[in-house]
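Q: Structure file entry-v2.txt (compact mmCIF, N, CA and C atoms) is given on the next line.
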# COMPACT_ATOMS: atom_id res chain seq x y z
N MET A 1 110.80 102.02 80.35
CA MET A 1 111.13 101.96 81.75
C MET A 1 110.30 100.83 82.40
N ILE A 2 110.91 100.10 83.26
CA ILE A 2 110.25 99.00 83.96
C ILE A 2 109.51 99.56 85.17
N SER A 3 108.26 99.14 85.35
CA SER A 3 107.50 99.60 86.51
C SER A 3 107.95 98.84 87.75
N CYS A 4 107.64 99.40 88.91
CA CYS A 4 108.02 98.76 90.17
C CYS A 4 107.38 97.39 90.32
N THR A 5 106.22 97.19 89.71
CA THR A 5 105.53 95.91 89.86
C THR A 5 106.26 94.77 89.14
N GLU A 6 107.11 95.09 88.18
CA GLU A 6 107.86 94.05 87.47
C GLU A 6 108.87 93.36 88.38
N PHE A 7 109.23 93.99 89.49
CA PHE A 7 110.21 93.43 90.38
C PHE A 7 109.61 92.53 91.46
N ILE A 8 108.29 92.50 91.57
CA ILE A 8 107.63 91.75 92.64
C ILE A 8 107.99 90.27 92.65
N PRO A 9 107.94 89.58 91.54
CA PRO A 9 108.36 88.17 91.58
C PRO A 9 109.81 87.99 92.02
N ALA A 10 110.67 88.90 91.61
CA ALA A 10 112.08 88.81 92.03
C ALA A 10 112.21 88.99 93.54
N TYR A 11 111.44 89.92 94.11
CA TYR A 11 111.48 90.11 95.56
C TYR A 11 111.06 88.83 96.27
N SER A 12 109.97 88.24 95.82
CA SER A 12 109.46 87.03 96.45
C SER A 12 110.50 85.91 96.39
N GLU A 13 111.12 85.76 95.23
CA GLU A 13 112.15 84.72 95.08
C GLU A 13 113.37 85.03 95.94
N LEU A 14 113.74 86.30 96.05
CA LEU A 14 114.86 86.68 96.92
C LEU A 14 114.56 86.34 98.36
N PHE A 15 113.35 86.63 98.82
CA PHE A 15 112.98 86.30 100.21
C PHE A 15 113.10 84.79 100.45
N LYS A 16 112.67 84.00 99.48
CA LYS A 16 112.78 82.53 99.62
C LYS A 16 114.24 82.11 99.67
N PHE A 17 115.07 82.69 98.81
CA PHE A 17 116.49 82.37 98.78
C PHE A 17 117.16 82.72 100.11
N LEU A 18 116.88 83.92 100.60
CA LEU A 18 117.48 84.34 101.87
C LEU A 18 117.08 83.41 103.01
N GLU A 19 115.81 83.03 103.04
CA GLU A 19 115.36 82.12 104.10
C GLU A 19 116.02 80.75 103.97
N GLN A 20 116.19 80.29 102.76
CA GLN A 20 116.84 78.99 102.54
C GLN A 20 118.29 79.03 103.02
N LYS A 21 118.96 80.15 102.79
CA LYS A 21 120.38 80.26 103.15
C LYS A 21 120.60 80.61 104.62
N GLY A 22 119.74 81.46 105.20
CA GLY A 22 120.00 81.94 106.55
C GLY A 22 118.82 81.91 107.49
N GLY A 23 117.74 81.26 107.09
CA GLY A 23 116.56 81.21 107.93
C GLY A 23 115.76 82.51 107.86
N LYS A 24 114.67 82.53 108.57
CA LYS A 24 113.79 83.71 108.57
C LYS A 24 114.55 84.94 109.09
N ALA A 25 115.53 84.73 109.97
CA ALA A 25 116.32 85.85 110.50
C ALA A 25 117.04 86.60 109.37
N ALA A 26 117.47 85.89 108.34
CA ALA A 26 118.13 86.54 107.21
C ALA A 26 117.16 87.42 106.43
N VAL A 27 115.94 86.95 106.29
CA VAL A 27 114.91 87.73 105.60
C VAL A 27 114.60 88.99 106.41
N ILE A 28 114.41 88.82 107.69
CA ILE A 28 114.11 89.96 108.57
C ILE A 28 115.25 90.96 108.55
N SER A 29 116.47 90.49 108.58
CA SER A 29 117.63 91.38 108.53
C SER A 29 117.63 92.18 107.23
N PHE A 30 117.30 91.54 106.14
CA PHE A 30 117.21 92.23 104.85
C PHE A 30 116.12 93.29 104.86
N TRP A 31 114.95 92.94 105.39
CA TRP A 31 113.86 93.90 105.48
C TRP A 31 114.25 95.09 106.35
N GLU A 32 114.93 94.83 107.46
CA GLU A 32 115.38 95.92 108.33
C GLU A 32 116.33 96.85 107.57
N HIS A 33 117.22 96.26 106.79
CA HIS A 33 118.14 97.08 105.99
C HIS A 33 117.38 97.94 104.99
N LEU A 34 116.39 97.34 104.30
CA LEU A 34 115.59 98.11 103.35
C LEU A 34 114.90 99.28 104.03
N SER A 35 114.31 99.01 105.17
CA SER A 35 113.60 100.05 105.91
C SER A 35 114.55 101.19 106.29
N ASP A 36 115.68 100.82 106.83
CA ASP A 36 116.64 101.82 107.31
C ASP A 36 117.29 102.61 106.18
N ALA A 37 117.55 101.95 105.08
CA ALA A 37 118.31 102.58 104.00
C ALA A 37 117.46 103.28 102.95
N PHE A 38 116.21 102.82 102.77
CA PHE A 38 115.45 103.30 101.62
C PHE A 38 114.11 103.94 101.92
N LEU A 39 113.72 104.05 103.17
CA LEU A 39 112.42 104.66 103.48
C LEU A 39 112.57 106.04 104.12
N ASN A 40 113.63 106.72 103.76
CA ASN A 40 113.84 108.07 104.30
C ASN A 40 112.74 109.03 103.86
N ASN A 41 112.17 108.81 102.68
CA ASN A 41 111.09 109.70 102.23
C ASN A 41 109.87 109.59 103.14
N LEU A 42 109.50 108.38 103.55
CA LEU A 42 108.40 108.22 104.50
C LEU A 42 108.79 108.83 105.85
N ARG A 43 109.99 108.54 106.30
CA ARG A 43 110.47 109.06 107.59
C ARG A 43 110.41 110.59 107.59
N ASP A 44 110.89 111.20 106.52
CA ASP A 44 110.92 112.67 106.44
C ASP A 44 109.51 113.26 106.39
N LEU A 45 108.64 112.66 105.59
CA LEU A 45 107.26 113.17 105.49
C LEU A 45 106.51 113.02 106.80
N ALA A 46 106.65 111.88 107.45
CA ALA A 46 105.95 111.65 108.73
C ALA A 46 106.51 112.55 109.83
N THR A 47 107.80 112.81 109.80
CA THR A 47 108.41 113.70 110.79
C THR A 47 107.90 115.12 110.60
N LYS A 48 107.86 115.55 109.36
CA LYS A 48 107.50 116.94 109.04
C LYS A 48 105.99 117.19 109.10
N LYS A 49 105.19 116.23 108.60
CA LYS A 49 103.76 116.48 108.42
C LYS A 49 102.86 115.54 109.22
N GLY A 50 103.43 114.63 109.98
CA GLY A 50 102.63 113.71 110.78
C GLY A 50 101.84 112.75 109.91
N LEU A 51 100.59 112.52 110.29
CA LEU A 51 99.75 111.59 109.55
C LEU A 51 99.50 112.07 108.12
N ALA A 52 99.48 113.37 107.91
CA ALA A 52 99.33 113.90 106.56
C ALA A 52 100.52 113.49 105.69
N GLY A 53 101.69 113.37 106.29
CA GLY A 53 102.87 112.88 105.58
C GLY A 53 102.72 111.42 105.19
N CYS A 54 102.10 110.63 106.07
CA CYS A 54 101.82 109.23 105.74
C CYS A 54 100.86 109.16 104.54
N PHE A 55 99.83 110.00 104.59
CA PHE A 55 98.86 110.05 103.50
C PHE A 55 99.55 110.42 102.19
N GLU A 56 100.42 111.41 102.25
CA GLU A 56 101.13 111.85 101.04
C GLU A 56 102.03 110.74 100.49
N TYR A 57 102.77 110.08 101.39
CA TYR A 57 103.67 109.01 100.97
C TYR A 57 102.91 107.89 100.27
N TRP A 58 101.88 107.37 100.93
CA TRP A 58 101.16 106.23 100.36
C TRP A 58 100.29 106.63 99.17
N SER A 59 99.84 107.88 99.10
CA SER A 59 99.09 108.33 97.91
C SER A 59 99.95 108.14 96.67
N HIS A 60 101.18 108.51 96.79
CA HIS A 60 102.10 108.39 95.65
C HIS A 60 102.45 106.93 95.36
N SER A 61 102.91 106.21 96.39
CA SER A 61 103.41 104.85 96.16
C SER A 61 102.30 103.89 95.74
N LEU A 62 101.13 103.97 96.35
CA LEU A 62 100.05 103.04 95.99
C LEU A 62 99.46 103.36 94.62
N SER A 63 99.43 104.63 94.27
CA SER A 63 98.96 105.00 92.93
C SER A 63 99.95 104.51 91.88
N GLU A 64 101.24 104.63 92.18
CA GLU A 64 102.27 104.15 91.26
C GLU A 64 102.15 102.65 91.02
N GLU A 65 101.74 101.91 92.05
CA GLU A 65 101.59 100.47 91.95
C GLU A 65 100.22 100.06 91.39
N ALA A 66 99.35 101.02 91.17
CA ALA A 66 97.99 100.76 90.67
C ALA A 66 97.21 99.84 91.61
N ALA A 67 97.30 100.12 92.89
CA ALA A 67 96.60 99.33 93.91
C ALA A 67 95.12 99.73 93.96
N ASP A 68 94.30 98.78 94.38
CA ASP A 68 92.89 99.06 94.66
C ASP A 68 92.80 99.23 96.17
N PHE A 69 92.65 100.47 96.61
CA PHE A 69 92.71 100.77 98.04
C PHE A 69 91.81 101.95 98.38
N LYS A 70 91.53 102.07 99.66
CA LYS A 70 90.83 103.24 100.19
C LYS A 70 91.68 103.77 101.33
N MET A 71 92.05 105.04 101.24
CA MET A 71 92.82 105.68 102.30
C MET A 71 91.97 106.73 102.98
N THR A 72 92.15 106.82 104.29
CA THR A 72 91.42 107.81 105.07
C THR A 72 92.40 108.53 105.99
N LEU A 73 92.31 109.84 106.00
CA LEU A 73 93.09 110.65 106.93
C LEU A 73 92.10 111.43 107.79
N ASP A 74 92.11 111.15 109.08
CA ASP A 74 91.24 111.81 110.04
C ASP A 74 92.13 112.47 111.08
N GLU A 75 92.59 113.68 110.77
CA GLU A 75 93.53 114.36 111.66
C GLU A 75 92.89 114.75 112.98
N GLU A 76 91.59 114.99 112.98
CA GLU A 76 90.90 115.34 114.22
C GLU A 76 91.00 114.21 115.25
N ASN A 77 90.95 112.98 114.76
CA ASN A 77 91.04 111.81 115.65
C ASN A 77 92.41 111.13 115.58
N ASN A 78 93.39 111.82 114.97
CA ASN A 78 94.75 111.29 114.87
C ASN A 78 94.79 109.89 114.27
N LEU A 79 94.16 109.72 113.11
CA LEU A 79 94.00 108.40 112.52
C LEU A 79 94.24 108.42 111.02
N PHE A 80 95.02 107.47 110.56
CA PHE A 80 95.27 107.27 109.14
C PHE A 80 95.06 105.79 108.85
N THR A 81 94.28 105.47 107.82
CA THR A 81 94.04 104.06 107.49
C THR A 81 94.21 103.81 105.99
N ILE A 82 94.60 102.60 105.70
CA ILE A 82 94.60 102.10 104.33
C ILE A 82 93.86 100.77 104.36
N GLU A 83 92.81 100.70 103.57
CA GLU A 83 92.12 99.43 103.37
C GLU A 83 92.54 98.95 101.98
N MET A 84 93.39 97.95 101.95
CA MET A 84 93.87 97.40 100.69
C MET A 84 92.87 96.37 100.21
N ARG A 85 92.17 96.73 99.15
CA ARG A 85 91.14 95.83 98.61
C ARG A 85 91.73 94.83 97.62
N LYS A 86 92.84 95.21 97.00
CA LYS A 86 93.54 94.32 96.08
C LYS A 86 94.98 94.79 95.99
N CYS A 87 95.82 94.13 96.73
CA CYS A 87 97.25 94.47 96.71
C CYS A 87 97.84 94.01 95.38
N PRO A 88 98.43 94.91 94.64
CA PRO A 88 98.98 94.51 93.35
C PRO A 88 100.16 93.54 93.49
N SER A 89 100.92 93.70 94.56
CA SER A 89 102.07 92.81 94.76
C SER A 89 101.60 91.39 95.03
N LYS A 90 100.82 91.20 96.05
CA LYS A 90 100.36 89.86 96.41
C LYS A 90 99.46 89.29 95.32
N GLY A 91 98.61 90.13 94.74
CA GLY A 91 97.75 89.68 93.66
C GLY A 91 98.55 89.17 92.48
N ARG A 92 99.57 89.89 92.12
CA ARG A 92 100.43 89.47 91.00
C ARG A 92 101.10 88.13 91.30
N LEU A 93 101.57 87.97 92.52
CA LEU A 93 102.21 86.71 92.91
C LEU A 93 101.22 85.55 92.89
N MET A 94 100.02 85.80 93.35
CA MET A 94 99.01 84.74 93.39
C MET A 94 98.57 84.33 91.98
N GLU A 95 98.62 85.26 91.05
CA GLU A 95 98.22 84.97 89.67
C GLU A 95 99.32 84.27 88.88
N ALA A 96 100.54 84.38 89.33
CA ALA A 96 101.67 83.78 88.59
C ALA A 96 101.58 82.25 88.66
N LYS A 97 101.60 81.64 87.53
CA LYS A 97 101.50 80.18 87.46
C LYS A 97 102.88 79.52 87.59
N HIS A 98 103.93 80.27 87.34
CA HIS A 98 105.27 79.70 87.30
C HIS A 98 106.04 79.79 88.62
N LEU A 99 105.43 80.36 89.66
CA LEU A 99 106.13 80.43 90.94
C LEU A 99 105.15 80.41 92.10
N LYS A 100 105.67 80.03 93.23
CA LYS A 100 104.89 80.03 94.46
C LYS A 100 105.38 81.21 95.29
N PRO A 101 104.48 82.09 95.74
CA PRO A 101 104.91 83.26 96.52
C PRO A 101 105.62 82.86 97.81
N TYR A 102 106.54 83.70 98.24
CA TYR A 102 107.19 83.52 99.54
C TYR A 102 106.10 83.45 100.61
N HIS A 103 106.18 82.47 101.48
CA HIS A 103 105.09 82.19 102.43
C HIS A 103 104.78 83.36 103.36
N ALA A 104 105.72 84.23 103.62
CA ALA A 104 105.49 85.37 104.53
C ALA A 104 105.67 86.69 103.79
N TYR A 105 105.35 86.71 102.51
CA TYR A 105 105.59 87.89 101.67
C TYR A 105 105.01 89.17 102.28
N CYS A 106 103.78 89.12 102.73
CA CYS A 106 103.10 90.32 103.23
C CYS A 106 103.70 90.88 104.51
N GLU A 107 104.45 90.07 105.22
CA GLU A 107 105.05 90.54 106.47
C GLU A 107 106.07 91.64 106.26
N HIS A 108 106.59 91.79 105.05
CA HIS A 108 107.56 92.85 104.83
C HIS A 108 106.93 94.23 105.02
N CYS A 109 105.65 94.37 104.67
CA CYS A 109 104.98 95.67 104.87
C CYS A 109 104.91 96.01 106.35
N ASP A 110 104.66 95.02 107.16
CA ASP A 110 104.60 95.25 108.61
C ASP A 110 105.95 95.75 109.11
N LEU A 111 107.00 95.01 108.83
CA LEU A 111 108.31 95.36 109.39
C LEU A 111 108.85 96.66 108.82
N LEU A 112 108.82 96.83 107.52
CA LEU A 112 109.41 98.03 106.91
C LEU A 112 108.82 99.31 107.47
N TYR A 113 107.50 99.38 107.49
CA TYR A 113 106.84 100.63 107.85
C TYR A 113 106.73 100.82 109.36
N ARG A 114 106.54 99.75 110.09
CA ARG A 114 106.52 99.83 111.55
C ARG A 114 107.86 100.38 112.05
N ARG A 115 108.93 99.90 111.45
CA ARG A 115 110.29 100.30 111.85
C ARG A 115 110.53 101.80 111.65
N VAL A 116 109.85 102.37 110.68
CA VAL A 116 109.97 103.82 110.44
C VAL A 116 109.05 104.60 111.38
N LEU A 117 107.80 104.18 111.50
CA LEU A 117 106.80 105.02 112.16
C LEU A 117 106.79 104.93 113.68
N GLU A 118 107.00 103.77 114.24
CA GLU A 118 106.93 103.67 115.71
C GLU A 118 107.97 104.54 116.43
N PRO A 119 109.22 104.60 115.96
CA PRO A 119 110.17 105.49 116.63
C PRO A 119 109.80 106.97 116.54
N LEU A 120 108.91 107.31 115.62
CA LEU A 120 108.47 108.70 115.46
C LEU A 120 107.25 109.03 116.32
N GLY A 121 106.80 108.06 117.11
CA GLY A 121 105.68 108.31 118.01
C GLY A 121 104.33 107.90 117.46
N PHE A 122 104.32 107.03 116.46
CA PHE A 122 103.07 106.55 115.91
C PHE A 122 102.80 105.13 116.41
N GLU A 123 101.53 104.81 116.54
CA GLU A 123 101.10 103.45 116.81
C GLU A 123 100.77 102.83 115.45
N TYR A 124 101.35 101.69 115.16
CA TYR A 124 101.23 101.07 113.84
C TYR A 124 100.60 99.69 114.00
N ASN A 125 99.47 99.48 113.35
CA ASN A 125 98.80 98.17 113.39
C ASN A 125 98.44 97.77 111.97
N ILE A 126 98.68 96.51 111.66
CA ILE A 126 98.32 96.00 110.35
C ILE A 126 97.65 94.64 110.51
N ASP A 127 96.55 94.48 109.83
CA ASP A 127 95.82 93.22 109.84
C ASP A 127 96.14 92.49 108.54
N LEU A 128 96.92 91.42 108.66
CA LEU A 128 97.33 90.64 107.49
C LEU A 128 96.53 89.34 107.36
N SER A 129 95.42 89.26 108.07
CA SER A 129 94.66 88.01 108.11
C SER A 129 94.01 87.63 106.77
N ASN A 130 93.91 88.58 105.85
CA ASN A 130 93.31 88.28 104.55
C ASN A 130 94.32 88.36 103.40
N CYS A 131 95.59 88.14 103.74
CA CYS A 131 96.62 88.19 102.69
C CYS A 131 96.39 87.16 101.59
N ASP A 132 95.75 86.07 101.94
CA ASP A 132 95.46 85.05 100.93
C ASP A 132 94.47 85.55 99.88
N LYS A 133 93.87 86.71 100.13
CA LYS A 133 92.95 87.35 99.18
C LYS A 133 93.55 88.66 98.65
N ALA A 134 94.83 88.89 98.96
CA ALA A 134 95.53 90.13 98.57
C ALA A 134 94.89 91.35 99.21
N GLU A 135 94.40 91.18 100.44
CA GLU A 135 93.77 92.27 101.20
C GLU A 135 94.47 92.43 102.55
N CYS A 136 94.52 93.66 103.01
CA CYS A 136 95.02 93.94 104.36
C CYS A 136 94.45 95.28 104.81
N LYS A 137 94.68 95.59 106.06
CA LYS A 137 94.24 96.88 106.58
C LYS A 137 95.32 97.43 107.50
N LEU A 138 95.71 98.66 107.24
CA LEU A 138 96.73 99.36 108.01
C LEU A 138 96.07 100.49 108.77
N VAL A 139 96.40 100.61 110.06
CA VAL A 139 95.90 101.70 110.89
C VAL A 139 97.09 102.33 111.59
N VAL A 140 97.26 103.63 111.40
CA VAL A 140 98.33 104.39 112.04
C VAL A 140 97.69 105.49 112.86
N ARG A 141 98.11 105.60 114.10
CA ARG A 141 97.62 106.64 115.01
C ARG A 141 98.81 107.40 115.58
N LYS A 142 98.60 108.66 115.80
CA LYS A 142 99.61 109.44 116.52
C LYS A 142 99.38 109.17 118.00
N LYS A 143 100.42 108.69 118.68
CA LYS A 143 100.30 108.40 120.11
C LYS A 143 100.08 109.68 120.88
N CYS A 144 99.20 109.60 121.87
CA CYS A 144 98.98 110.75 122.74
C CYS A 144 100.13 110.84 123.71
N LYS A 145 100.54 112.05 124.01
CA LYS A 145 101.69 112.25 124.91
C LYS A 145 101.27 112.28 126.35
As structure tokens, what does this structure read like?
A:
Amino acid sequence: MISCTEFIPAYSELFKFLEQKGGKAAVISFWEHLSDAFLNNLRDLATKKGLAGCFEYWSHSLSEEAADFKMTLDEENNLFTIEMRKCPSKGRLMEAKHLKPYHAYCEHCDLLYRRVLEPLGFEYNIDLSNCDKAECKLVVRKKCK
């Protein structure tokens, strides 16, 4: 069976192809479709369990990807964080000698997950300033009513 990480170079190349054919808007449209069509598991967990659902979702997906990360769930303060110390996706792309990563590769994480969580009443912030080191930080808060 092929692991999910084997598809990372293909995703990066697809993003480049879409941008070449239809501009960045085509890439964004594709990401929106992915979010809407394939992230129902995150949507369902976050709806049912709140921030604990976010923790459950990313515990599974990041472990499956063998990411180097630290996750924190602080339900008392309505806070969930992921400190990505080594993103396997971006790291794999940076190590590949035969291709150049899509210039905005990391932005897909922002759009896909923001699109799911914000309509559910969560505040979603991601710091992508260290993507060149395969690092980022995600902070999700439950909005106060």
Q: With DSSP run on the backbone, what are the alpha helix (DSSP H) residues within segment 88-119 of chain A? I'd like them as JSON, numbers by chain.
A: {"A": [88, 89, 90, 91, 92, 93, 94, 95, 107, 108, 109, 110, 111, 112, 113, 114, 115, 116, 117]}
Q: Using all atoms listed in the file, determine which residues lie at most 6 Å from Val139 of chain A, disregarding the query and same-chain residues fewer than 4 positions distant; provide the list as a VMD selection string.
A: chain A and resid 80 to 82 123 to 126
Q: Mind checking which residues fall within 12 Å of Leu14 of chain A, counting only C-alpha atoms, ignoring those fewer than 5 positions away in the same chain, and posting them as a list in words?
A: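 Within the cut-off, the hits are Phe7, Ile8, Pro9, Glu19, Gln20, Lys21, Gly22, Ala26, Val27, Phe30, Trp31, Pro101, Tyr102 and Tyr105 of chain A.
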Q: For the residues in the current selection, export N, CA and C atoms as a PDB file, keeping the file's coordinate frame.
A:
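Everything below was put into part.pdb:
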ATOM      1  N   PHE A   7     109.230  93.990  89.490  1.00  0.00           N
ATOM      2  CA  PHE A   7     110.210  93.430  90.380  1.00  0.00           C
ATOM      3  C   PHE A   7     109.610  92.530  91.460  1.00  0.00           C
ATOM      4  N   ILE A   8     108.290  92.500  91.570  1.00  0.00           N
ATOM      5  CA  ILE A   8     107.630  91.750  92.640  1.00  0.00           C
ATOM      6  C   ILE A   8     107.990  90.270  92.650  1.00  0.00           C
ATOM      7  N   PRO A   9     107.940  89.580  91.540  1.00  0.00           N
ATOM      8  CA  PRO A   9     108.360  88.170  91.580  1.00  0.00           C
ATOM      9  C   PRO A   9     109.810  87.990  92.020  1.00  0.00           C
ATOM     10  N   GLU A  19     115.810  83.030 103.040  1.00  0.00           N
ATOM     11  CA  GLU A  19     115.360  82.120 104.100  1.00  0.00           C
ATOM     12  C   GLU A  19     116.020  80.750 103.970  1.00  0.00           C
ATOM     13  N   GLN A  20     116.190  80.290 102.760  1.00  0.00           N
ATOM     14  CA  GLN A  20     116.840  78.990 102.540  1.00  0.00           C
ATOM     15  C   GLN A  20     118.290  79.030 103.020  1.00  0.00           C
ATOM     16  N   LYS A  21     118.960  80.150 102.790  1.00  0.00           N
ATOM     17  CA  LYS A  21     120.380  80.260 103.150  1.00  0.00           C
ATOM     18  C   LYS A  21     120.600  80.610 104.620  1.00  0.00           C
ATOM     19  N   GLY A  22     119.740  81.460 105.200  1.00  0.00           N
ATOM     20  CA  GLY A  22     120.000  81.940 106.550  1.00  0.00           C
ATOM     21  C   GLY A  22     118.820  81.910 107.490  1.00  0.00           C
ATOM     22  N   ALA A  26     117.470  85.890 108.340  1.00  0.00           N
ATOM     23  CA  ALA A  26     118.130  86.540 107.210  1.00  0.00           C
ATOM     24  C   ALA A  26     117.160  87.420 106.430  1.00  0.00           C
ATOM     25  N   VAL A  27     115.940  86.950 106.290  1.00  0.00           N
ATOM     26  CA  VAL A  27     114.910  87.730 105.600  1.00  0.00           C
ATOM     27  C   VAL A  27     114.600  88.990 106.410  1.00  0.00           C
ATOM     28  N   PHE A  30     117.300  91.540 106.140  1.00  0.00           N
ATOM     29  CA  PHE A  30     117.210  92.230 104.850  1.00  0.00           C
ATOM     30  C   PHE A  30     116.120  93.290 104.860  1.00  0.00           C
ATOM     31  N   TRP A  31     114.950  92.940 105.390  1.00  0.00           N
ATOM     32  CA  TRP A  31     113.860  93.900 105.480  1.00  0.00           C
ATOM     33  C   TRP A  31     114.250  95.090 106.350  1.00  0.00           C
ATOM     34  N   PRO A 101     104.480  82.090  95.740  1.00  0.00           N
ATOM     35  CA  PRO A 101     104.910  83.260  96.520  1.00  0.00           C
ATOM     36  C   PRO A 101     105.620  82.860  97.810  1.00  0.00           C
ATOM     37  N   TYR A 102     106.540  83.700  98.240  1.00  0.00           N
ATOM     38  CA  TYR A 102     107.190  83.520  99.540  1.00  0.00           C
ATOM     39  C   TYR A 102     106.100  83.450 100.610  1.00  0.00           C
ATOM     40  N   TYR A 105     105.350  86.710 102.510  1.00  0.00           N
ATOM     41  CA  TYR A 105     105.590  87.890 101.670  1.00  0.00           C
ATOM     42  C   TYR A 105     105.010  89.170 102.280  1.00  0.00           C
TER      43      TYR A 105
END
Q: Using only N, CA and C atoms, find the one residue out of A:Phe122, A:Tyr11, A:His103, A:Asn41 that sits nearest to Arg141 of chain A.
A: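 Of all the options, A:Phe122 lies closest to Arg141 of chain A.
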Q: Looking at only C-alpha atoms, which of A:Lys142, A:Lys100, A:His108, A:Arg114 is the one that sits closest to Ile28 of chain A?
A: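 Checking each candidate against Ile28 of chain A, we get A:His108 as the closest.
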Q: Measuring between only C-alpha atoms, which one of A:Asp110, A:Met94, A:Glu83, A:Leu39 shows the shortest distance to Asp132 of chain A?
A: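 Going through A:Asp110, A:Met94, A:Glu83, A:Leu39 one by one, the smallest distance to Asp132 of chain A is for A:Met94.
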Q: Let me have the centre and edge lengths in Å, one decimal, of the box along x, y and z around every listed atom of segment 8-25 of chain A with 5 Å of margin on each side, as JSON.
A:
{"center_x": 114.1, "center_y": 85.7, "center_z": 101.0, "size_x": 23.0, "size_y": 23.5, "size_z": 29.0}
Q: Dig up all the protein and nucleic acid residues within 12 Å of (89.6, 110.9, 120.9) in the file frame, using only C-alpha atoms, and format them as a list in words.
A: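 Here the neighbourhood of the point contains Asp74, Glu75, Glu76, Asn77, Asn78, Leu79, Arg141, Lys142, Lys143 and Cys144 of chain A.
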Q: Considering only C-alpha atoms, return as a PDB file with N, CA and C atoms, keeping the file's coordinate frame whatever protein or nucleic-acid residues lie within 8 Å of Leu112 of chain A, sequence-local ones (same chain, fewer than 6 positions apart) excluded.
A:
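around.pdb, written as the output of this step:
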ATOM      1  N   TRP A  31     114.950  92.940 105.390  1.00  0.00           N
ATOM      2  CA  TRP A  31     113.860  93.900 105.480  1.00  0.00           C
ATOM      3  C   TRP A  31     114.250  95.090 106.350  1.00  0.00           C
ATOM      4  N   GLU A  32     114.930  94.830 107.460  1.00  0.00           N
ATOM      5  CA  GLU A  32     115.380  95.920 108.330  1.00  0.00           C
ATOM      6  C   GLU A  32     116.330  96.850 107.570  1.00  0.00           C
ATOM      7  N   LEU A  34     116.390  97.340 104.300  1.00  0.00           N
ATOM      8  CA  LEU A  34     115.590  98.110 103.350  1.00  0.00           C
ATOM      9  C   LEU A  34     114.900  99.280 104.030  1.00  0.00           C
ATOM     10  N   SER A  35     114.310  99.010 105.170  1.00  0.00           N
ATOM     11  CA  SER A  35     113.600 100.050 105.910  1.00  0.00           C
ATOM     12  C   SER A  35     114.550 101.190 106.290  1.00  0.00           C
TER      13      SER A  35
END
Q: Could you give me, as a count of residues only, the residues within 6 Å of segment 59-70 of chain A, counting only N, CA and C atoms and dropping anything in the same chain fewer than 3 positions from it?
A: 11
Q: What's the separation between atom C of Gly23 of chain A and atom CA of Leu128 of chain A, in Å to one decimal place?
A: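 Answer for the atom C of Gly23 of chain A to atom CA of Leu128 of chain A separation: 20.1 Å.
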Q: Suppose you want the space between atom C of Ala10 of chain A and atom CA of Arg92 of chain A; what is it in Å?
A: 12.1 Å
Q: In segment 21-144 of chain A, what's strand (DSSP E or B) per DSSP? Answer as a VMD selection string?
A: chain A and resid 68 to 74 79 to 86 122 to 127 136 to 142
